[in-house]
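Colleague: structure.txt is the file, holding compact mmCIF, C-alpha atoms:
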# COMPACT_ATOMS: atom_id res chain seq x y z
CA MET J 1 10.54 12.13 14.76
CA THR J 2 12.60 9.23 13.35
CA ARG J 3 14.50 8.95 16.65
CA ARG J 4 11.29 8.98 18.70
CA GLU J 5 9.74 6.26 16.52
CA LEU J 6 12.82 4.04 16.79
CA ASP J 7 13.11 4.59 20.54
CA ALA J 8 9.44 3.68 20.98
CA ALA J 9 9.92 0.55 18.84
CA GLY J 10 12.89 -0.56 20.95
CA VAL J 11 15.34 -0.43 18.02
CA THR J 12 18.75 0.32 19.56
CA ASP J 13 21.40 -1.02 17.17
CA PRO J 14 22.87 1.98 15.26
CA GLU J 15 23.08 0.21 11.89
CA LEU J 16 19.54 -1.10 12.23
CA ARG J 17 18.29 2.36 13.20
CA ALA J 18 19.93 3.74 10.05
CA ALA J 19 18.24 1.03 7.99
CA TYR J 20 14.82 1.91 9.37
CA ALA J 21 15.52 5.60 8.81
CA ARG J 22 16.26 4.84 5.15
CA CYS J 23 12.90 3.09 4.79
CA ARG J 24 11.16 6.07 6.38
CA GLN J 25 12.81 8.36 3.83
CA LEU J 26 11.55 6.19 0.97
CA ASN J 27 8.03 6.27 2.40
CA ALA J 28 8.06 10.05 2.88
CA ARG J 29 9.43 10.69 -0.62
CA HIS J 30 7.42 8.25 -2.70
CA GLY J 31 4.30 7.31 -0.73
CA LYS J 32 2.85 10.65 0.30
CA THR J 33 -0.71 9.36 0.82
CA TYR J 34 0.53 6.28 2.66
CA PHE J 35 3.04 8.27 4.72
CA LEU J 36 0.42 10.78 5.83
CA ALA J 37 -1.81 7.98 7.11
CA THR J 38 1.15 6.29 8.83
CA ARG J 39 1.70 9.41 10.96
CA LEU J 40 -1.54 8.49 12.75
CA LEU J 41 -0.17 5.16 14.01
CA PRO J 42 1.15 4.69 17.53
CA LEU J 43 4.83 5.68 17.56
CA GLU J 44 6.11 2.18 18.28
CA ARG J 45 4.52 0.69 15.14
CA ARG J 46 5.49 3.26 12.54
CA SER J 47 9.01 1.99 11.90
CA ALA J 48 7.71 -1.47 10.99
CA VAL J 49 5.27 0.01 8.49
CA HIS J 50 8.06 2.12 6.99
CA ALA J 51 10.18 -1.02 6.63
CA LEU J 52 7.44 -2.91 4.80
CA TYR J 53 6.82 0.04 2.50
CA GLY J 54 10.53 0.66 1.94
CA PHE J 55 11.20 -2.91 0.85
CA ALA J 56 8.22 -2.93 -1.50
CA ARG J 57 9.28 0.40 -2.97
CA TRP J 58 12.85 -0.78 -3.46
CA ALA J 59 11.73 -3.83 -5.42
CA ASP J 60 9.24 -1.78 -7.45
CA ASP J 61 11.93 0.72 -8.42
CA ILE J 62 14.14 -2.10 -9.68
CA VAL J 63 11.34 -3.36 -11.89
CA ASP J 64 10.19 0.00 -13.24
CA ASP J 65 13.59 1.74 -13.55
CA LEU J 66 11.85 4.89 -14.78
CA ASP J 67 15.01 6.29 -16.37
CA GLN J 68 15.39 3.04 -18.33
CA HIS J 69 19.10 2.82 -17.60
CA ARG J 70 18.90 -0.93 -17.14
CA THR J 71 17.95 -3.68 -19.55
CA ALA J 72 15.29 -6.23 -18.65
CA ALA J 73 18.05 -8.78 -18.02
CA GLU J 74 19.80 -6.39 -15.61
CA ARG J 75 16.56 -5.71 -13.75
CA ASP J 76 15.93 -9.45 -13.48
CA ARG J 77 19.43 -9.96 -12.07
CA LEU J 78 18.95 -7.19 -9.50
CA LEU J 79 15.56 -8.55 -8.48
CA ARG J 80 16.96 -12.04 -8.03
CA GLN J 81 19.82 -10.59 -5.99
CA LEU J 82 17.30 -8.78 -3.80
CA GLU J 83 15.38 -12.02 -3.35
CA SER J 84 18.57 -13.84 -2.35
CA ASP J 85 19.50 -11.06 0.08
CA LEU J 86 16.02 -11.18 1.60
CA THR J 87 16.14 -14.95 2.02
CA ASP J 88 19.45 -14.63 3.86
CA GLY J 89 18.19 -11.66 5.85
CA LEU J 90 15.05 -13.44 7.00
CA ARG J 91 17.18 -16.39 8.10
CA THR J 92 20.04 -14.51 9.77
CA GLY J 93 18.68 -11.03 10.48
CA ALA J 94 21.65 -9.54 8.60
CA GLY J 95 22.17 -8.12 5.10
CA ASP J 96 24.11 -5.52 3.15
CA GLU J 97 21.05 -3.65 1.89
CA PRO J 98 19.43 -1.38 4.52
CA VAL J 99 15.86 -2.08 3.40
CA VAL J 100 16.52 -5.81 3.71
CA ARG J 101 17.89 -5.46 7.24
CA ALA J 102 14.90 -3.37 8.31
CA VAL J 103 12.25 -5.61 6.79
CA ALA J 104 13.94 -8.77 8.11
CA ASP J 105 13.94 -7.27 11.61
CA THR J 106 10.26 -6.32 11.24
CA ALA J 107 9.35 -9.81 10.03
CA ASP J 108 11.09 -11.28 13.08
CA ARG J 109 9.54 -8.86 15.58
CA TYR J 110 6.00 -9.40 14.31
CA ASP J 111 6.27 -13.02 13.14
CA ILE J 112 5.28 -12.18 9.57
CA ASP J 113 4.92 -15.20 7.28
CA HIS J 114 7.99 -15.33 5.01
CA ALA J 115 5.90 -16.78 2.17
CA LEU J 116 4.22 -13.37 1.80
CA PHE J 117 7.53 -11.85 0.71
CA ALA J 118 8.11 -14.64 -1.78
CA ASP J 119 4.66 -14.07 -3.30
CA PHE J 120 5.39 -10.35 -3.54
CA LEU J 121 8.65 -10.90 -5.42
CA THR J 122 6.94 -13.35 -7.78
CA SER J 123 4.54 -10.61 -8.86
CA MET J 124 7.39 -8.11 -9.18
CA ARG J 125 9.18 -10.52 -11.49
CA ALA J 126 6.04 -10.84 -13.61
CA ASP J 127 6.32 -7.13 -14.42
CA LEU J 128 9.52 -7.87 -16.34
CA THR J 129 7.68 -9.95 -18.94
CA VAL J 130 3.88 -9.62 -18.59
CA THR J 131 2.38 -6.52 -20.20
CA ASP J 132 -1.37 -7.10 -19.83
CA TYR J 133 -4.00 -9.33 -18.23
CA PRO J 134 -6.85 -10.76 -20.32
CA THR J 135 -9.31 -11.16 -17.43
CA TYR J 136 -9.85 -9.95 -13.89
CA ALA J 137 -9.18 -13.51 -12.71
CA ALA J 138 -5.75 -13.34 -14.33
CA LEU J 139 -5.11 -9.95 -12.77
CA GLN J 140 -6.07 -11.28 -9.34
CA THR J 141 -3.13 -13.68 -9.43
CA TYR J 142 -0.83 -10.71 -9.92
CA VAL J 143 -2.46 -8.44 -7.32
CA HIS J 144 -2.37 -11.21 -4.73
CA GLY J 145 1.41 -10.89 -4.73
CA SER J 146 1.68 -7.19 -5.44
CA ALA J 147 -1.03 -5.94 -3.06
CA ALA J 148 -3.00 -8.49 -1.03
CA VAL J 149 0.17 -9.73 0.65
CA ILE J 150 0.98 -6.16 1.72
CA GLY J 151 -2.26 -6.04 3.67
CA LEU J 152 -1.46 -9.43 5.18
CA GLN J 153 2.07 -8.32 6.12
CA MET J 154 0.63 -5.24 7.81
CA LEU J 155 -1.93 -7.10 9.89
CA PRO J 156 0.43 -8.46 12.59
CA VAL J 157 1.90 -4.96 12.96
CA LEU J 158 -1.50 -3.33 13.32
CA GLY J 159 -3.00 -5.91 15.65
CA THR J 160 -6.60 -7.10 15.83
CA VAL J 161 -9.42 -7.47 18.38
CA THR J 162 -10.65 -10.60 16.60
CA PRO J 163 -8.78 -13.78 15.67
CA ARG J 164 -6.35 -12.73 12.95
CA HIS J 165 -7.73 -15.17 10.38
CA GLU J 166 -11.09 -13.37 10.51
CA ALA J 167 -9.48 -10.05 9.58
CA GLU J 168 -7.15 -11.43 6.91
CA PRO J 169 -9.60 -11.44 3.94
CA HIS J 170 -10.46 -7.80 4.63
CA ALA J 171 -6.80 -6.80 5.00
CA ALA J 172 -5.99 -8.50 1.70
CA ALA J 173 -8.95 -6.77 0.02
CA LEU J 174 -7.80 -3.38 1.27
CA GLY J 175 -4.35 -3.92 -0.23
CA VAL J 176 -5.98 -4.86 -3.52
CA ALA J 177 -8.32 -1.84 -3.40
CA PHE J 178 -5.35 0.50 -3.00
CA GLN J 179 -3.53 -1.24 -5.85
CA LEU J 180 -6.51 -1.05 -8.21
CA THR J 181 -6.82 2.64 -7.37
CA ASN J 182 -3.21 3.14 -8.39
CA PHE J 183 -3.79 1.20 -11.61
CA LEU J 184 -6.63 3.50 -12.56
CA ARG J 185 -4.79 6.66 -11.57
CA ASP J 186 -1.60 5.61 -13.39
CA VAL J 187 -3.10 4.04 -16.50
CA GLY J 188 -1.37 6.57 -18.75
CA GLU J 189 2.04 6.22 -17.12
CA ASP J 190 1.79 2.43 -17.12
CA LEU J 191 0.91 2.54 -20.81
CA ASP J 192 4.11 4.48 -21.43
CA ARG J 193 5.97 1.54 -19.89
CA GLY J 194 4.11 -0.86 -22.18
CA ARG J 195 1.83 -2.22 -19.46
CA ILE J 196 -1.95 -2.32 -19.04
CA TYR J 197 -3.28 -3.38 -15.66
CA LEU J 198 -6.96 -2.95 -16.43
CA PRO J 199 -8.53 -6.35 -17.27
CA GLY J 200 -8.67 -6.98 -21.00
CA ASN J 201 -12.22 -8.31 -20.92
CA LEU J 202 -13.42 -5.20 -19.06
CA LEU J 203 -11.87 -2.99 -21.73
CA ALA J 204 -13.17 -5.16 -24.58
CA ALA J 205 -16.72 -5.01 -23.19
CA HIS J 206 -16.63 -1.30 -24.00
CA GLY J 207 -14.82 -1.59 -27.32
CA VAL J 208 -11.41 -0.59 -25.97
CA ASP J 209 -8.06 -2.17 -26.80
CA ARG J 210 -4.39 -1.24 -26.47
CA SER J 211 -4.24 0.63 -29.76
CA LEU J 212 -7.16 2.87 -28.80
CA LEU J 213 -5.59 3.66 -25.43
CA GLU J 214 -2.26 4.45 -27.08
CA TRP J 215 -3.99 6.70 -29.62
CA SER J 216 -5.72 8.64 -26.85
CA ARG J 217 -2.52 8.90 -24.82
CA ARG J 218 -0.53 10.07 -27.85
CA THR J 219 -3.01 12.58 -29.23
CA GLY J 220 -4.62 13.83 -26.03
CA ARG J 221 -8.03 13.17 -27.56
CA ARG J 222 -10.88 11.53 -25.69
CA ASP J 223 -13.19 8.70 -26.67
CA ALA J 224 -16.56 7.71 -25.21
CA ARG J 225 -15.58 4.04 -25.18
CA ILE J 226 -12.52 4.73 -23.04
CA HIS J 227 -14.61 6.90 -20.72
CA ALA J 228 -17.10 4.05 -20.23
CA ALA J 229 -14.34 1.49 -19.60
CA LEU J 230 -12.60 3.67 -17.01
CA ARG J 231 -15.89 4.31 -15.27
CA ALA J 232 -16.49 0.55 -15.10
CA ALA J 233 -12.99 0.08 -13.65
CA GLU J 234 -13.82 2.64 -10.98
CA ALA J 235 -17.00 0.73 -10.07
CA MET J 236 -15.03 -2.53 -9.91
CA THR J 237 -12.54 -0.92 -7.55
CA ARG J 238 -15.22 0.52 -5.27
CA ASP J 239 -16.67 -2.97 -4.89
CA VAL J 240 -13.32 -4.11 -3.48
CA TYR J 241 -13.32 -1.20 -1.01
CA GLN J 242 -16.73 -2.36 0.21
CA ARG J 243 -15.35 -5.83 0.88
CA ALA J 244 -12.40 -4.36 2.74
CA GLU J 245 -14.16 -1.84 5.00
CA PRO J 246 -15.61 -4.25 7.63
CA GLY J 247 -12.07 -5.24 8.53
CA ILE J 248 -11.27 -1.82 9.99
CA ALA J 249 -13.46 -2.50 13.03
CA MET J 250 -11.49 -5.72 13.61
CA LEU J 251 -8.25 -3.81 14.15
CA ASP J 252 -6.70 -2.57 17.37
CA PRO J 253 -8.64 0.66 18.17
CA ARG J 254 -5.38 2.64 18.30
CA VAL J 255 -4.58 1.91 14.65
CA ARG J 256 -8.07 2.35 13.20
CA PRO J 257 -7.66 6.12 12.65
CA CYS J 258 -4.63 5.43 10.44
CA ILE J 259 -6.42 2.84 8.32
CA ARG J 260 -9.59 4.93 8.09
CA ALA J 261 -7.47 7.84 6.90
CA ALA J 262 -5.76 5.68 4.28
CA PHE J 263 -9.15 4.32 3.24
CA ALA J 264 -10.48 7.87 2.83
CA LEU J 265 -7.39 9.21 1.06
CA TYR J 266 -7.18 6.40 -1.49
CA GLY J 267 -10.93 6.55 -1.98
CA GLY J 268 -10.41 10.26 -2.56
CA ILE J 269 -8.21 9.42 -5.53
CA LEU J 270 -11.17 7.60 -7.08
CA ASP J 271 -13.32 10.66 -6.36
CA ALA J 272 -10.75 12.89 -8.06
CA ILE J 273 -10.67 10.60 -11.10
CA ALA J 274 -14.46 10.85 -11.42
CA GLU J 275 -14.46 14.60 -10.80
CA GLN J 276 -11.89 15.03 -13.59
CA ASP J 277 -14.17 13.00 -15.85
CA TYR J 278 -11.81 10.01 -16.19
CA THR J 279 -9.06 11.92 -18.00
CA VAL J 280 -6.35 9.74 -16.42
CA LEU J 281 -4.77 9.04 -19.79
CA HIS J 282 -3.91 12.71 -20.03
CA ARG J 283 -3.33 13.92 -16.47
CA ARG J 284 -2.74 12.45 -13.05
CA ALA J 285 -5.62 12.66 -10.57
CA VAL J 286 -4.57 13.80 -7.11
CA VAL J 287 -6.32 14.47 -3.81
CA SER J 288 -6.21 18.18 -3.01
CA ARG J 289 -4.07 19.44 -0.14
CA ARG J 290 -7.19 20.76 1.55
CA ARG J 291 -8.81 17.34 1.47
CA ARG J 292 -5.64 15.62 2.71
CA ALA J 293 -5.39 18.11 5.55
CA ALA J 294 -9.04 17.61 6.49
CA THR J 295 -8.62 13.84 6.48
CA ALA J 296 -5.49 14.11 8.60
CA ALA J 297 -7.26 16.40 11.07
CA THR J 298 -10.13 13.92 11.38
CA GLY J 299 -7.58 11.17 11.95
CA VAL J 300 -5.89 13.16 14.71
CA LEU J 301 -9.24 13.58 16.48
CA ARG J 302 -9.89 9.85 16.17
CA VAL J 303 -6.44 9.08 17.58
CA ALA J 304 -7.18 11.33 20.56
CA GLY J 305 -10.53 9.59 21.05
CA ALA J 306 -8.93 6.15 20.90
CA ARG J 307 -6.33 7.18 23.47
CA TRP J 308 -9.00 8.61 25.75
CA ARG J 309 -11.06 5.42 25.53
CA GLY J 310 -7.93 3.40 26.23
CA ARG J 311 -7.17 5.39 29.37
CA THR J 312 -10.82 5.11 30.46
CA ARG J 313 -10.72 1.35 29.96
CA HIS J 314 -7.46 1.08 31.89
CA ARG J 315 -8.87 3.04 34.84
CA ALA J 316 -12.04 0.92 34.80
CA VAL J 317 -10.02 -2.30 34.90
CA ALA J 318 -7.92 -0.97 37.77
CA ALA J 319 -11.01 0.14 39.70
CA SER J 320 -12.80 -3.18 39.24
CA GLY J 321 -10.17 -5.05 41.20
CA PRO J 322 -8.04 -8.10 40.41
CA GLY J 323 -9.48 -10.92 38.40
CA VAL J 324 -12.17 -8.81 36.75
CA GLU J 325 -11.87 -7.81 33.10
CA TRP J 326 -13.72 -4.74 31.83
CA LYS J 327 -14.81 -4.86 28.20
CA GLY J 328 -15.60 -1.54 26.59
CA PRO J 329 -17.43 -1.17 23.30
CA VAL J 330 -15.64 -1.96 20.06
CA ARG J 331 -16.07 0.99 17.69
As structure tokens - that is how I would like this structure written.

Modeller:
Amino acid sequence: MTRRELDAAGVTDPELRAAYARCRQLNARHGKTYFLATRLLPLERRSAVHALYGFARWADDIVDDLDQHRTAAERDRLLRQLESDLTDGLRTGAGDEPVVRAVADTADRYDIDHALFADFLTSMRADLTVTDYPTYAALQTYVHGSAAVIGLQMLPVLGTVTPRHEAEPHAAALGVAFQLTNFLRDVGEDLDRGRIYLPGNLLAAHGVDRSLLEWSRRTGRRDARIHAALRAAEAMTRDVYQRAEPGIAMLDPRVRPCIRAAFALYGGILDAIAEQDYTVLHRRAVVSRRRRAATAATGVLRVAGARWRGRTRHRAVAASGPGVEWKGPVR
């Protein structure tokens, strides 16, 4: 499958192919929900998505260092080195780190704004020192770099049927929606790292603070105030999904099944959190295999439908003769 994707994308250089393959491995290992949705993309676009994910994952792993082998100063040094490598890679197309080579090639192929990568690394660096956010407005500054820019990086790869600037706010919102979903799902694990990504004023409105969250995490006991705060965080996140959804219809019809699948799978995490009665401090909410399989099957049918409509449109254009453009419905 890796070879077919790279052949379709026109990636021929052996070292560059190996770099893209490394990014695909990172996506398959660490981003199971994301990777499943990516399988619904046209073959020629998958490698670029793997590269974007692989770079983001590489930076995130430097920051989190789950085994805590590195000090904060060492993580900062590695992150700055990655930033320097990326700057050189975006300028020259080269680099020693495979994920940098792949993402630099993707940025060049799809003319992705380099400033988006700088904003991403700024938010990653914030994780080295910032442990909580007092308001949603403060959190939005962080999620712009950590999530909104991912949606904006993806947009040139996916393609649109509208002017790109019209789809950009929705693409950014979708990245943020996915990020907020992860924050809610991982609230316990993030707390173990000393971080709280839920807005402080949202928690305070329900009588929740860091010490109460830590008590619940440590003892395994529940509290009605925490339950209410997590439910409010879920509602806040669903509002962002609503802002994002109209953008799906603005995308190239061939990629819509992928994004609809991702939309459904990440939304399914929110459903699982609610179904488990907001016990995210004590166990991780996951989408069942049956639901993932059903979503994937629906996506496959949508891909087949998009391809059929594309062939129908092509035949209609050919039959109409030169100089006549046939416009099918946008679904």

Colleague: Of the candidates J:Pro14, J:Pro134, J:Pro156, J:Gly145, which one gets nearest to J:Asp113 if we count only C-alpha atoms?

Modeller: J:Pro156

Colleague: Just want the 10 Å neighbourhood of J:Asp7, counted on only C-alpha atoms, with same-chain residues fewer than 5 positions away dropped. Output as a VMD selection string.

Modeller: chain J and resid 1 to 2 12 17 43 to 44 47

Colleague: Go ahead and find all residues with at least one atom no further than 9 Å from (-10.8, -2.1, 11.9) in the file's coordinates, using all atoms listed in the file; report them as a list in words.

Modeller: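 The distance filter leaves exactly Thr160, Val161, Ala167, Glu245, Pro246, Gly247, Ile248, Ala249, Met250, Leu251, Asp252, Pro253, Val255, Arg256, Pro257, Ile259, Arg260 and Arg331 of chain J.
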
Colleague: Can you pull out the residues contacting stretch 54-65 of chain J? Cut-off 9 Å, using all atoms listed in the file, and skip same-chain residues under 4 positions away; I want them as number ranges by chain.

Modeller: J: 20, 22-27, 30-31, 49-50, 69-70, 72, 75-76, 78-79, 82, 99-100, 102-103, 120-121, 124-125, 127-128, 146, 150, 193

Colleague: Which value, in Å to one decimal, gives the distance between atom CA of J:Leu6 and atom CA of J:Asp96?

Modeller: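 Interatomic distance, atom CA of J:Leu6 to atom CA of J:Asp96: 20.1 Å.
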
Colleague: How many Å separate atom CA of J:Val280 from atom CA of J:Phe183?

Modeller: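 Interatomic distance here is 10.1 Å.
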
Colleague: Choose the residue, out of J:His170, J:Arg29, J:Arg3, J:Arg39, that has the smallest atom-to-atom separation from J:Arg243; count only C-alpha atoms.

Modeller: J:His170

Colleague: Could you check the closest approach to J:Gly95 for each of J:Arg109, J:Gly151, J:Ala19, J:Val143 and tell me which residue wins, using all atoms listed in the file?

Modeller: J:Ala19

Colleague: Which polymer residues have any atom within 12 Å of an atom of stretch 174-178 of chain J, counting only C-alpha atoms, with same-chain residues fewer than 4 positions away left out, as a short mmCIF file (atom, residue, chain, number, x, y, z; two decimals) with C-alpha atoms, in the coordinates of the input?

Modeller:
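Dumped everything to out13.cif:
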data_model
loop_
_atom_site.label_atom_id
_atom_site.label_comp_id
_atom_site.auth_asym_id
_atom_site.auth_seq_id
_atom_site.Cartn_x
_atom_site.Cartn_y
_atom_site.Cartn_z
CA THR J 33 -0.71 9.36 0.82
CA TYR J 34 0.53 6.28 2.66
CA LEU J 139 -5.11 -9.95 -12.77
CA GLN J 140 -6.07 -11.28 -9.34
CA THR J 141 -3.13 -13.68 -9.43
CA TYR J 142 -0.83 -10.71 -9.92
CA VAL J 143 -2.46 -8.44 -7.32
CA HIS J 144 -2.37 -11.21 -4.73
CA GLY J 145 1.41 -10.89 -4.73
CA SER J 146 1.68 -7.19 -5.44
CA ALA J 147 -1.03 -5.94 -3.06
CA ALA J 148 -3.00 -8.49 -1.03
CA VAL J 149 0.17 -9.73 0.65
CA ILE J 150 0.98 -6.16 1.72
CA GLY J 151 -2.26 -6.04 3.67
CA LEU J 152 -1.46 -9.43 5.18
CA GLN J 153 2.07 -8.32 6.12
CA MET J 154 0.63 -5.24 7.81
CA LEU J 155 -1.93 -7.10 9.89
CA ALA J 167 -9.48 -10.05 9.58
CA GLU J 168 -7.15 -11.43 6.91
CA PRO J 169 -9.60 -11.44 3.94
CA HIS J 170 -10.46 -7.80 4.63
CA ASN J 182 -3.21 3.14 -8.39
CA PHE J 183 -3.79 1.20 -11.61
CA LEU J 184 -6.63 3.50 -12.56
CA ARG J 185 -4.79 6.66 -11.57
CA ALA J 233 -12.99 0.08 -13.65
CA GLU J 234 -13.82 2.64 -10.98
CA ALA J 235 -17.00 0.73 -10.07
CA MET J 236 -15.03 -2.53 -9.91
CA THR J 237 -12.54 -0.92 -7.55
CA ARG J 238 -15.22 0.52 -5.27
CA ASP J 239 -16.67 -2.97 -4.89
CA VAL J 240 -13.32 -4.11 -3.48
CA TYR J 241 -13.32 -1.20 -1.01
CA GLN J 242 -16.73 -2.36 0.21
CA ARG J 243 -15.35 -5.83 0.88
CA ALA J 244 -12.40 -4.36 2.74
CA GLU J 245 -14.16 -1.84 5.00
CA PRO J 246 -15.61 -4.25 7.63
CA GLY J 247 -12.07 -5.24 8.53
CA ILE J 248 -11.27 -1.82 9.99
CA ILE J 259 -6.42 2.84 8.32
CA ARG J 260 -9.59 4.93 8.09
CA ALA J 262 -5.76 5.68 4.28
CA PHE J 263 -9.15 4.32 3.24
CA ALA J 264 -10.48 7.87 2.83
CA LEU J 265 -7.39 9.21 1.06
CA TYR J 266 -7.18 6.40 -1.49
CA GLY J 267 -10.93 6.55 -1.98
CA GLY J 268 -10.41 10.26 -2.56
CA ILE J 269 -8.21 9.42 -5.53
CA LEU J 270 -11.17 7.60 -7.08
#

Colleague: Skipping near chain neighbours, those fewer than 3 positions away, what residues fall within 10 Å of J:Leu212 using all atoms listed in the file, listed as an MDAnalysis selection string?

Modeller: chainID J and resid 207:209 215:218 222:223 225:226

Colleague: Could you check how far atom CA of J:Arg101 sits from atom CA of J:Leu40, in Å to one decimal?

Modeller: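 We find that atom CA of J:Arg101 and atom CA of J:Leu40 lie 24.5 Å from each other.
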
Colleague: So that I can check the surroundings of J:Tyr110, please list as number ranges by chain every protein, DNA and RNA residue that reaches within 9 Å of it, counting all atoms listed in the file and ignoring chain neighbours fewer than 3 positions away.

Modeller: J: 48, 105-107, 156-157

Colleague: Counting all atoms listed in the file, which of J:Ala229, J:Ala261, J:Asp132, J:Ala272 gets nearest to J:Gly194?

Modeller: J:Asp132
